[in-house]
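A.B. asks: Handing over entry.pdb, PDB, C-alpha atoms, pLDDT in the B column.
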```pdb
ATOM      1  CA  MET A  92       0.000   0.000   0.000  1.00 53.00           C
ATOM      2  CA  ASN A  93       2.780   2.431   0.883  1.00 80.00           C
ATOM      3  CA  LYS A  94       4.522   1.739  -2.433  1.00 85.00           C
ATOM      4  CA  LYS A  95       1.344   2.379  -4.418  1.00 89.00           C
ATOM      5  CA  ARG A  96       0.781   5.605  -2.511  1.00 89.00           C
ATOM      6  CA  LEU A  97       4.358   6.728  -3.186  1.00 91.00           C
ATOM      7  CA  ILE A  98       4.048   5.933  -6.881  1.00 94.00           C
ATOM      8  CA  ALA A  99       0.841   7.980  -7.059  1.00 95.00           C
ATOM      9  CA  SER A 100       2.574  10.817  -5.234  1.00 95.00           C
ATOM     10  CA  VAL A 101       5.528  10.779  -7.630  1.00 96.00           C
ATOM     11  CA  ILE A 102       3.230  10.796 -10.674  1.00 97.00           C
ATOM     12  CA  ILE A 103       1.133  13.694  -9.405  1.00 98.00           C
ATOM     13  CA  ASN A 104       4.085  15.760  -8.202  1.00 98.00           C
ATOM     14  CA  PHE A 105       6.064  15.358 -11.401  1.00 98.00           C
ATOM     15  CA  THR A 106       2.944  16.041 -13.483  1.00 98.00           C
ATOM     16  CA  VAL A 107       2.360  19.310 -11.640  1.00 98.00           C
ATOM     17  CA  PHE A 108       5.983  20.336 -12.120  1.00 98.00           C
ATOM     18  CA  ALA A 109       6.029  19.435 -15.820  1.00 98.00           C
ATOM     19  CA  VAL A 110       2.711  21.046 -16.733  1.00 98.00           C
ATOM     20  CA  THR A 111       3.391  24.215 -14.735  1.00 98.00           C
ATOM     21  CA  THR A 112       6.822  24.535 -16.346  1.00 98.00           C
ATOM     22  CA  GLY A 113       5.211  24.146 -19.751  1.00 97.00           C
ATOM     23  CA  VAL A 114       2.611  26.800 -19.001  1.00 96.00           C
ATOM     24  CA  VAL A 115       5.206  29.306 -17.794  1.00 96.00           C
ATOM     25  CA  ILE A 116       7.342  28.691 -20.898  1.00 96.00           C
ATOM     26  CA  SER A 117       4.258  29.209 -23.060  1.00 95.00           C
ATOM     27  CA  TYR A 118       3.964  32.782 -21.767  1.00 93.00           C
ATOM     28  CA  PHE A 119       7.105  33.564 -23.756  1.00 93.00           C
ATOM     29  CA  LEU A 120       5.795  31.785 -26.850  1.00 92.00           C
ATOM     30  CA  GLY A 121       2.652  33.808 -27.472  1.00 88.00           C
ATOM     31  CA  ASN A 122       0.346  32.615 -24.691  1.00 84.00           C
ATOM     32  CA  THR A 123      -0.993  36.046 -23.710  1.00 78.00           C
ATOM     33  CA  THR A 124      -4.331  37.398 -22.478  1.00 77.00           C
ATOM     34  CA  PRO A 125      -6.226  40.653 -23.071  1.00 70.00           C
ATOM     35  CA  LEU A 126      -4.931  41.880 -19.703  1.00 72.00           C
ATOM     36  CA  VAL A 127      -1.307  40.824 -20.168  1.00 77.00           C
ATOM     37  CA  GLN A 128       0.631  41.107 -23.430  1.00 75.00           C
ATOM     38  CA  ASN A 129       4.145  41.284 -21.987  1.00 87.00           C
ATOM     39  CA  PRO A 130       5.084  37.807 -20.668  1.00 87.00           C
ATOM     40  CA  VAL A 131       7.256  39.296 -17.925  1.00 91.00           C
ATOM     41  CA  ASP A 132       4.163  40.984 -16.493  1.00 91.00           C
ATOM     42  CA  LYS A 133       2.709  37.536 -15.806  1.00 92.00           C
ATOM     43  CA  PHE A 134       5.001  37.355 -12.796  1.00 95.00           C
ATOM     44  CA  ARG A 135       3.138  40.231 -11.196  1.00 95.00           C
ATOM     45  CA  PHE A 136       0.271  37.839 -10.532  1.00 95.00           C
ATOM     46  CA  PHE A 137       0.137  35.708  -7.411  1.00 97.00           C
ATOM     47  CA  THR A 138      -1.271  32.964  -9.634  1.00 96.00           C
ATOM     48  CA  THR A 139       2.006  32.647 -11.532  1.00 96.00           C
ATOM     49  CA  ASP A 140       4.209  32.989  -8.484  1.00 98.00           C
ATOM     50  CA  SER A 141       2.216  30.539  -6.357  1.00 98.00           C
ATOM     51  CA  ASN A 142       2.189  27.952  -9.129  1.00 98.00           C
ATOM     52  CA  ILE A 143       5.946  28.204  -9.619  1.00 98.00           C
ATOM     53  CA  LEU A 144       6.466  27.803  -5.861  1.00 98.00           C
ATOM     54  CA  ALA A 145       4.146  24.800  -5.727  1.00 98.00           C
ATOM     55  CA  ALA A 146       5.790  23.252  -8.790  1.00 98.00           C
ATOM     56  CA  LEU A 147       9.208  23.465  -7.151  1.00 98.00           C
ATOM     57  CA  GLY A 148       7.793  21.967  -3.954  1.00 97.00           C
ATOM     58  CA  SER A 149       6.252  19.170  -5.995  1.00 98.00           C
ATOM     59  CA  LEU A 150       9.553  18.460  -7.728  1.00 98.00           C
ATOM     60  CA  VAL A 151      11.406  18.223  -4.415  1.00 97.00           C
ATOM     61  CA  THR A 152       8.725  15.994  -2.889  1.00 96.00           C
ATOM     62  CA  GLY A 153       8.654  13.744  -5.929  1.00 96.00           C
ATOM     63  CA  ILE A 154      12.418  13.277  -5.833  1.00 96.00           C
ATOM     64  CA  TYR A 155      12.391  12.395  -2.138  1.00 95.00           C
ATOM     65  CA  ASN A 156       9.587   9.905  -2.636  1.00 94.00           C
ATOM     66  CA  ILE A 157      11.639   8.155  -5.310  1.00 95.00           C
ATOM     67  CA  LEU A 158      14.499   7.939  -2.810  1.00 94.00           C
ATOM     68  CA  ILE A 159      12.085   6.456  -0.256  1.00 92.00           C
ATOM     69  CA  MET A 160      10.971   3.792  -2.735  1.00 91.00           C
ATOM     70  CA  LYS A 161      14.627   2.942  -3.364  1.00 92.00           C
ATOM     71  CA  GLY A 162      15.218   2.558   0.348  1.00 91.00           C
ATOM     72  CA  LYS A 163      17.603   5.508   0.550  1.00 92.00           C
ATOM     73  CA  ARG A 164      15.335   7.536   2.841  1.00 90.00           C
ATOM     74  CA  LYS A 165      12.580   6.753   5.331  1.00 86.00           C
ATOM     75  CA  THR A 166      10.522   9.905   4.886  1.00 87.00           C
ATOM     76  CA  VAL A 167      10.406  13.330   3.264  1.00 90.00           C
ATOM     77  CA  PRO A 168      12.587  15.819   5.205  1.00 91.00           C
ATOM     78  CA  HIS A 169      10.683  18.263   7.341  1.00 92.00           C
ATOM     79  CA  PRO A 170      11.910  21.412   5.500  1.00 94.00           C
ATOM     80  CA  ALA A 171      10.719  19.876   2.227  1.00 95.00           C
ATOM     81  CA  GLU A 172       7.290  19.207   3.761  1.00 95.00           C
ATOM     82  CA  ILE A 173       7.010  22.827   4.915  1.00 96.00           C
ATOM     83  CA  PHE A 174       8.165  24.051   1.500  1.00 97.00           C
ATOM     84  CA  LYS A 175       5.427  21.977  -0.119  1.00 97.00           C
ATOM     85  CA  LEU A 176       2.906  23.242   2.458  1.00 97.00           C
ATOM     86  CA  MET A 177       3.677  26.853   1.492  1.00 98.00           C
ATOM     87  CA  GLY A 178       3.058  26.029  -2.153  1.00 98.00           C
ATOM     88  CA  VAL A 179      -0.174  24.160  -1.453  1.00 98.00           C
ATOM     89  CA  VAL A 180      -1.590  26.902   0.756  1.00 98.00           C
ATOM     90  CA  SER A 181      -0.647  29.523  -1.844  1.00 98.00           C
ATOM     91  CA  LEU A 182      -2.466  27.565  -4.539  1.00 98.00           C
ATOM     92  CA  LEU A 183      -5.525  27.123  -2.331  1.00 98.00           C
ATOM     93  CA  LEU A 184      -5.554  30.880  -1.832  1.00 98.00           C
ATOM     94  CA  THR A 185      -5.269  31.335  -5.595  1.00 97.00           C
ATOM     95  CA  PHE A 186      -8.179  28.956  -6.196  1.00 98.00           C
ATOM     96  CA  SER A 187     -10.348  30.598  -3.524  1.00 97.00           C
ATOM     97  CA  THR A 188      -9.626  34.120  -4.765  1.00 96.00           C
ATOM     98  CA  VAL A 189     -10.428  33.184  -8.347  1.00 96.00           C
ATOM     99  CA  MET A 190     -13.712  31.509  -7.468  1.00 96.00           C
ATOM    100  CA  ALA A 191     -14.958  33.954  -4.847  1.00 94.00           C
ATOM    101  CA  LEU A 192     -13.570  37.308  -5.990  1.00 93.00           C
ATOM    102  CA  LEU A 193     -12.329  37.352  -9.559  1.00 94.00           C
ATOM    103  CA  MET A 194     -14.888  35.216 -11.379  1.00 94.00           C
ATOM    104  CA  PRO A 195     -17.601  37.913 -11.296  1.00 92.00           C
ATOM    105  CA  ILE A 196     -15.075  40.488 -12.555  1.00 91.00           C
ATOM    106  CA  TYR A 197     -13.244  38.665 -15.339  1.00 92.00           C
ATOM    107  CA  GLY A 198     -15.541  35.758 -16.149  1.00 93.00           C
ATOM    108  CA  PRO A 199     -14.921  32.010 -16.594  1.00 93.00           C
ATOM    109  CA  GLU A 200     -13.479  32.214 -20.108  1.00 91.00           C
ATOM    110  CA  MET A 201     -10.474  34.244 -18.992  1.00 90.00           C
ATOM    111  CA  LEU A 202      -9.967  32.494 -15.647  1.00 92.00           C
ATOM    112  CA  LEU A 203     -10.708  28.883 -16.607  1.00 94.00           C
ATOM    113  CA  GLY A 204      -9.937  28.732 -20.307  1.00 93.00           C
ATOM    114  CA  GLY A 205      -6.788  27.224 -21.803  1.00 93.00           C
ATOM    115  CA  THR A 206      -3.720  27.071 -19.588  1.00 94.00           C
ATOM    116  CA  ALA A 207      -5.479  29.197 -16.950  1.00 94.00           C
ATOM    117  CA  PHE A 208      -7.456  26.120 -15.924  1.00 96.00           C
ATOM    118  CA  HIS A 209      -4.317  24.362 -14.776  1.00 97.00           C
ATOM    119  CA  MET A 210      -3.019  27.399 -12.912  1.00 97.00           C
ATOM    120  CA  HIS A 211      -6.332  28.208 -11.207  1.00 97.00           C
ATOM    121  CA  VAL A 212      -7.897  24.769 -10.689  1.00 97.00           C
ATOM    122  CA  GLY A 213      -5.832  21.798 -11.851  1.00 97.00           C
ATOM    123  CA  ALA A 214      -2.620  22.485  -9.950  1.00 98.00           C
ATOM    124  CA  PRO A 215      -4.387  23.535  -6.718  1.00 98.00           C
ATOM    125  CA  VAL A 216      -6.463  20.343  -6.667  1.00 98.00           C
ATOM    126  CA  LEU A 217      -3.564  18.031  -7.533  1.00 98.00           C
ATOM    127  CA  CYS A 218      -1.187  19.622  -5.022  1.00 98.00           C
ATOM    128  CA  PHE A 219      -3.783  19.530  -2.249  1.00 97.00           C
ATOM    129  CA  VAL A 220      -4.609  15.869  -2.913  1.00 96.00           C
ATOM    130  CA  SER A 221      -0.956  14.829  -3.023  1.00 96.00           C
ATOM    131  CA  PHE A 222      -0.001  16.748   0.120  1.00 96.00           C
ATOM    132  CA  VAL A 223      -2.981  15.655   2.192  1.00 94.00           C
ATOM    133  CA  PHE A 224      -3.291  12.016   1.124  1.00 92.00           C
ATOM    134  CA  LEU A 225      -0.053  10.874  -0.500  1.00 91.00           C
ATOM    135  CA  ASP A 226       3.073  12.798   0.535  1.00 88.00           C
ATOM    136  CA  GLY A 227       5.136  11.986   3.596  1.00 74.00           C
ATOM    137  CA  PHE A 228       4.711   9.603   6.509  1.00 72.00           C
ATOM    138  CA  GLU A 229       4.443  11.893   9.496  1.00 80.00           C
ATOM    139  CA  LYS A 230       1.925  14.246  11.034  1.00 87.00           C
ATOM    140  CA  ILE A 231       2.874  17.918  11.082  1.00 92.00           C
ATOM    141  CA  LYS A 232       2.256  20.041  14.168  1.00 93.00           C
ATOM    142  CA  LEU A 233      -0.407  22.719  13.729  1.00 96.00           C
ATOM    143  CA  SER A 234       1.997  25.299  15.131  1.00 96.00           C
ATOM    144  CA  TYR A 235       3.688  25.242  11.706  1.00 97.00           C
ATOM    145  CA  ALA A 236       0.529  26.557  10.008  1.00 97.00           C
ATOM    146  CA  PRO A 237       1.708  30.212  10.030  1.00 97.00           C
ATOM    147  CA  LEU A 238       4.650  29.167   7.840  1.00 97.00           C
ATOM    148  CA  GLY A 239       2.150  28.451   5.087  1.00 97.00           C
ATOM    149  CA  MET A 240       1.362  32.178   5.076  1.00 97.00           C
ATOM    150  CA  ILE A 241       4.882  33.324   4.201  1.00 98.00           C
ATOM    151  CA  PRO A 242       4.454  33.546   0.385  1.00 98.00           C
ATOM    152  CA  MET A 243       1.191  35.461   0.742  1.00 98.00           C
ATOM    153  CA  VAL A 244       2.706  37.875   3.268  1.00 98.00           C
ATOM    154  CA  ILE A 245       5.671  38.597   0.990  1.00 98.00           C
ATOM    155  CA  TYR A 246       3.491  39.024  -2.098  1.00 98.00           C
ATOM    156  CA  GLY A 247       0.951  41.070  -0.133  1.00 97.00           C
ATOM    157  CA  ALA A 248       3.647  43.506   0.952  1.00 97.00           C
ATOM    158  CA  VAL A 249       4.763  43.956  -2.669  1.00 98.00           C
ATOM    159  CA  TYR A 250       1.180  44.299  -3.938  1.00 97.00           C
ATOM    160  CA  LEU A 251       0.305  46.840  -1.237  1.00 97.00           C
ATOM    161  CA  THR A 252       3.383  48.888  -2.042  1.00 97.00           C
ATOM    162  CA  GLU A 253       2.820  48.844  -5.809  1.00 97.00           C
ATOM    163  CA  VAL A 254      -0.947  49.422  -5.782  1.00 97.00           C
ATOM    164  CA  VAL A 255      -1.504  51.679  -2.758  1.00 96.00           C
ATOM    165  CA  PHE A 256       1.732  53.399  -1.760  1.00 96.00           C
ATOM    166  CA  ILE A 257       3.128  53.925  -5.278  1.00 97.00           C
ATOM    167  CA  GLY A 258      -0.043  53.680  -7.345  1.00 95.00           C
ATOM    168  CA  PRO A 259      -0.480  53.192 -11.103  1.00 94.00           C
ATOM    169  CA  SER A 260      -0.189  56.924 -11.788  1.00 95.00           C
ATOM    170  CA  ASN A 261       3.365  56.833 -10.438  1.00 96.00           C
ATOM    171  CA  GLY A 262       4.456  53.679 -12.213  1.00 94.00           C
ATOM    172  CA  GLY A 263       3.020  51.127  -9.788  1.00 95.00           C
ATOM    173  CA  TRP A 264       0.516  48.365 -10.528  1.00 95.00           C
ATOM    174  CA  TYR A 265      -3.171  48.846 -11.125  1.00 93.00           C
ATOM    175  CA  ASP A 266      -5.444  47.029  -8.698  1.00 95.00           C
ATOM    176  CA  PHE A 267      -6.016  43.920 -10.829  1.00 93.00           C
ATOM    177  CA  TYR A 268      -7.181  41.897  -7.808  1.00 94.00           C
ATOM    178  CA  ALA A 269      -9.687  44.590  -6.825  1.00 93.00           C
ATOM    179  CA  LEU A 270      -8.460  44.527  -3.224  1.00 95.00           C
ATOM    180  CA  ASN A 271      -8.404  48.298  -2.836  1.00 95.00           C
ATOM    181  CA  ARG A 272     -11.861  49.206  -4.077  1.00 90.00           C
ATOM    182  CA  ASN A 273     -13.029  52.412  -2.392  1.00 90.00           C
ATOM    183  CA  GLY A 274      -9.713  52.509  -0.513  1.00 93.00           C
ATOM    184  CA  THR A 275     -10.535  49.460   1.612  1.00 93.00           C
ATOM    185  CA  TRP A 276      -7.140  47.782   1.278  1.00 95.00           C
ATOM    186  CA  TYR A 277      -6.833  47.388   5.053  1.00 95.00           C
ATOM    187  CA  ILE A 278     -10.016  45.285   5.169  1.00 96.00           C
ATOM    188  CA  SER A 279      -8.763  43.153   2.287  1.00 96.00           C
ATOM    189  CA  LEU A 280      -5.454  42.713   4.086  1.00 96.00           C
ATOM    190  CA  VAL A 281      -7.126  41.345   7.221  1.00 97.00           C
ATOM    191  CA  VAL A 282      -9.385  39.073   5.166  1.00 96.00           C
ATOM    192  CA  MET A 283      -6.538  37.676   3.076  1.00 97.00           C
ATOM    193  CA  LEU A 284      -4.290  37.065   6.073  1.00 97.00           C
ATOM    194  CA  SER A 285      -7.098  35.361   7.977  1.00 97.00           C
ATOM    195  CA  ALA A 286      -8.144  33.271   4.994  1.00 97.00           C
ATOM    196  CA  THR A 287      -4.582  32.125   4.352  1.00 98.00           C
ATOM    197  CA  LEU A 288      -4.093  31.060   7.970  1.00 98.00           C
ATOM    198  CA  VAL A 289      -7.393  29.159   7.935  1.00 98.00           C
ATOM    199  CA  LEU A 290      -6.447  27.393   4.703  1.00 98.00           C
ATOM    200  CA  SER A 291      -3.081  26.414   6.167  1.00 98.00           C
ATOM    201  CA  LEU A 292      -4.648  25.107   9.371  1.00 98.00           C
ATOM    202  CA  LEU A 293      -7.328  23.144   7.525  1.00 97.00           C
ATOM    203  CA  THR A 294      -4.726  21.616   5.213  1.00 97.00           C
ATOM    204  CA  LEU A 295      -2.661  20.378   8.158  1.00 96.00           C
ATOM    205  CA  ILE A 296      -5.719  19.169  10.089  1.00 95.00           C
ATOM    206  CA  ILE A 297      -6.934  17.102   7.138  1.00 95.00           C
ATOM    207  CA  HIS A 298      -3.403  15.836   6.453  1.00 93.00           C
ATOM    208  CA  ASN A 299      -2.909  14.769  10.080  1.00 93.00           C
ATOM    209  CA  LYS A 300      -6.371  13.251  10.360  1.00 90.00           C
ATOM    210  CA  PHE A 301      -5.795  11.111   7.286  1.00 87.00           C
ATOM    211  CA  PHE A 302      -2.409   9.818   8.390  1.00 81.00           C
ATOM    212  CA  LYS A 303      -3.659   9.147  11.907  1.00 74.00           C
ATOM    213  CA  ASN A 304      -6.462   6.940  10.606  1.00 66.00           C
ATOM    214  CA  SER A 305      -4.587   5.353   7.714  1.00 64.00           C
ATOM    215  CA  GLY A 306      -1.803   3.598   9.568  1.00 57.00           C
ATOM    216  CA  PHE A 307       0.769   5.322   7.364  1.00 56.00           C
ATOM    217  CA  ALA A 308       1.962   7.786   9.944  1.00 52.00           C
ATOM    218  CA  LEU A 309       5.045   7.187  12.017  1.00 49.00           C
ATOM    219  CA  GLU A 310       4.478   6.859  15.742  1.00 40.00           C
ATOM    220  CA  LYS A 311       5.928  10.214  16.721  1.00 44.00           C
ATOM    221  CA  LYS A 312       4.984  13.661  15.511  1.00 46.00           C
ATOM    222  CA  ARG A 313       7.601  16.035  14.278  1.00 47.00           C
ATOM    223  CA  LYS A 314       9.335  17.763  17.158  1.00 44.00           C
TER     224      LYS A 314
END
```
As structure tokens, please, write out the structure in this file.
C.D. replies:
Amino acid sequence: MNKKRLIASVIINFTVFAVTTGVVISYFLGNTTPLVQNPVDKFRFFTTDSNILAALGSLVTGIYNILIMKGKRKTVPHPAEIFKLMGVVSLLLTFSTVMALLMPIYGPEMLLGGTAFHMHVGAPVLCFVSFVFLDGFEKIKLSYAPLGMIPMVIYGAVYLTEVVFIGPSNGGWYDFYALNRNGTWYISLVVMLSATLVLSLLTLIIHNKFFKNSGFALEKKRK
């Protein structure tokens, strides 16, 4: 059973890495949208950045799981698990923001059509499933949940600076996530921070619950 689970994990993790890499490369080969013509501008979006982070986490996890199957390791190293957690939580935030906030603004064709489907739905679902049900052998303490917020906090600081403090009239970004409508950026900030922490906690709770009941988990939690 463990071997089958590891094989499934390797397949999913490598698939996420390969497809995400292909999508990012496609931005430089003519894959543009009405909002973004310059491929470099794609990296302004949390969608792109979170998917790249999650893809790298998936690659690392997949490699370690191959080493486990070969008997060279017993489990995925803790830093690698946290790295993957940050990517998963970032993608869950991407998915939630697209569905709850951006869909009424931009519509399903732009957000779910073509390669956007992978970045907004496919990768988030695959990474969540692999992290919660397939990756690793140990439970992760809930006190690590705030670490899952790190990418959002960093990106949020950049977004706030570019959109609010600099502003588009001075060369900053326009508010493409509509988080500063009517000057309410401070409310959006609290909501996004809270939502990210909740997503991180729920991810770890589900992960730990599954491993506790599956018999896969090692006897001791991470210290």
A.B. asks: Once the PyMOL selection byres ((chain A and resi 242) around 12) has been evaluated on this model, what residues remain selected, and can you format them as a short mmCIF file (atom, residue, chain, number, x, y, z; two decimals) with C-alpha atoms, in the coordinates of the input?
C.D. replies:
```cif
data_model
loop_
_atom_site.label_atom_id
_atom_site.label_comp_id
_atom_site.auth_asym_id
_atom_site.auth_seq_id
_atom_site.Cartn_x
_atom_site.Cartn_y
_atom_site.Cartn_z
CA PHE A 137 0.14 35.71 -7.41
CA THR A 138 -1.27 32.96 -9.63
CA ASP A 140 4.21 32.99 -8.48
CA SER A 141 2.22 30.54 -6.36
CA ASN A 142 2.19 27.95 -9.13
CA ILE A 143 5.95 28.20 -9.62
CA LEU A 144 6.47 27.80 -5.86
CA ALA A 145 4.15 24.80 -5.73
CA ILE A 173 7.01 22.83 4.92
CA PHE A 174 8.16 24.05 1.50
CA LYS A 175 5.43 21.98 -0.12
CA LEU A 176 2.91 23.24 2.46
CA MET A 177 3.68 26.85 1.49
CA GLY A 178 3.06 26.03 -2.15
CA VAL A 179 -0.17 24.16 -1.45
CA VAL A 180 -1.59 26.90 0.76
CA SER A 181 -0.65 29.52 -1.84
CA LEU A 182 -2.47 27.56 -4.54
CA LEU A 184 -5.55 30.88 -1.83
CA THR A 185 -5.27 31.34 -5.60
CA PRO A 237 1.71 30.21 10.03
CA LEU A 238 4.65 29.17 7.84
CA GLY A 239 2.15 28.45 5.09
CA MET A 240 1.36 32.18 5.08
CA ILE A 241 4.88 33.32 4.20
CA MET A 243 1.19 35.46 0.74
CA VAL A 244 2.71 37.88 3.27
CA ILE A 245 5.67 38.60 0.99
CA TYR A 246 3.49 39.02 -2.10
CA GLY A 247 0.95 41.07 -0.13
CA ALA A 248 3.65 43.51 0.95
CA VAL A 249 4.76 43.96 -2.67
CA LEU A 284 -4.29 37.06 6.07
CA THR A 287 -4.58 32.12 4.35
CA LEU A 288 -4.09 31.06 7.97
CA SER A 291 -3.08 26.41 6.17
#
```
A.B. asks: Expressed in Å to a single decimal, how great is the separation between CA of Pro130 in chain A and CA of Ile102 in chain A?
C.D. replies: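 Value for the CA of Pro130 in chain A-CA of Ile102 in chain A distance: 28.9 Å.
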A.B. asks: Per residue of range 106-215 of chain A within 9 Å of range 258-278 of chain A, record the nearest atom pair and its distance in Å to one decimal, counting all atoms listed in the file, with rows in chain order and ascending residue number, as CSV.
C.D. replies:
```
residue,atom,partner,partner_atom,distance
A:Arg135,CA,A:Trp264,CA,8.6
A:Phe136,CA,A:Phe267,CA,8.8
A:Thr188,CA,A:Tyr268,CA,8.7
A:Leu192,CA,A:Tyr268,CA,8.1
A:Leu193,CA,A:Tyr268,CA,7.1
A:Ile196,CA,A:Ala269,CA,8.9
```
A.B. asks: Interatomic distance between CA of Thr206 in chain A and CA of Ser100 in chain A?
C.D. replies: 22.6 Å
A.B. asks: Just give me the gap between CA of Asp226 in chain A and CA of Ile157 in chain A in Å, one decimal is fine.
C.D. replies: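 Answer for the CA of Asp226 in chain A to CA of Ile157 in chain A separation: 11.4 Å.
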A.B. asks: From the options A:Val101, A:His209, A:Asn122, A:Phe134, which residue's atoms come nearest to Leu158 in chain A, counting only C-alpha atoms?
C.D. replies: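 Nearest candidate to Leu158 in chain A out of A:Val101, A:His209, A:Asn122, A:Phe134: A:Val101.
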A.B. asks: I'd like to know which of A:Ile98, A:Ala236, A:Val107, A:Ala171 is closest to Val212 in chain A, using all atoms listed in the file.
C.D. replies: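 So, comparing all the options, the nearest one is A:Val107.
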A.B. asks: With the file shown as input, list the residues that the PyMOL selection byres ((chain A and resi 153) around 10) selects, as a ChimeraX atom specification.
C.D. replies: /A:97-106,108,147-152,154-159,167,226
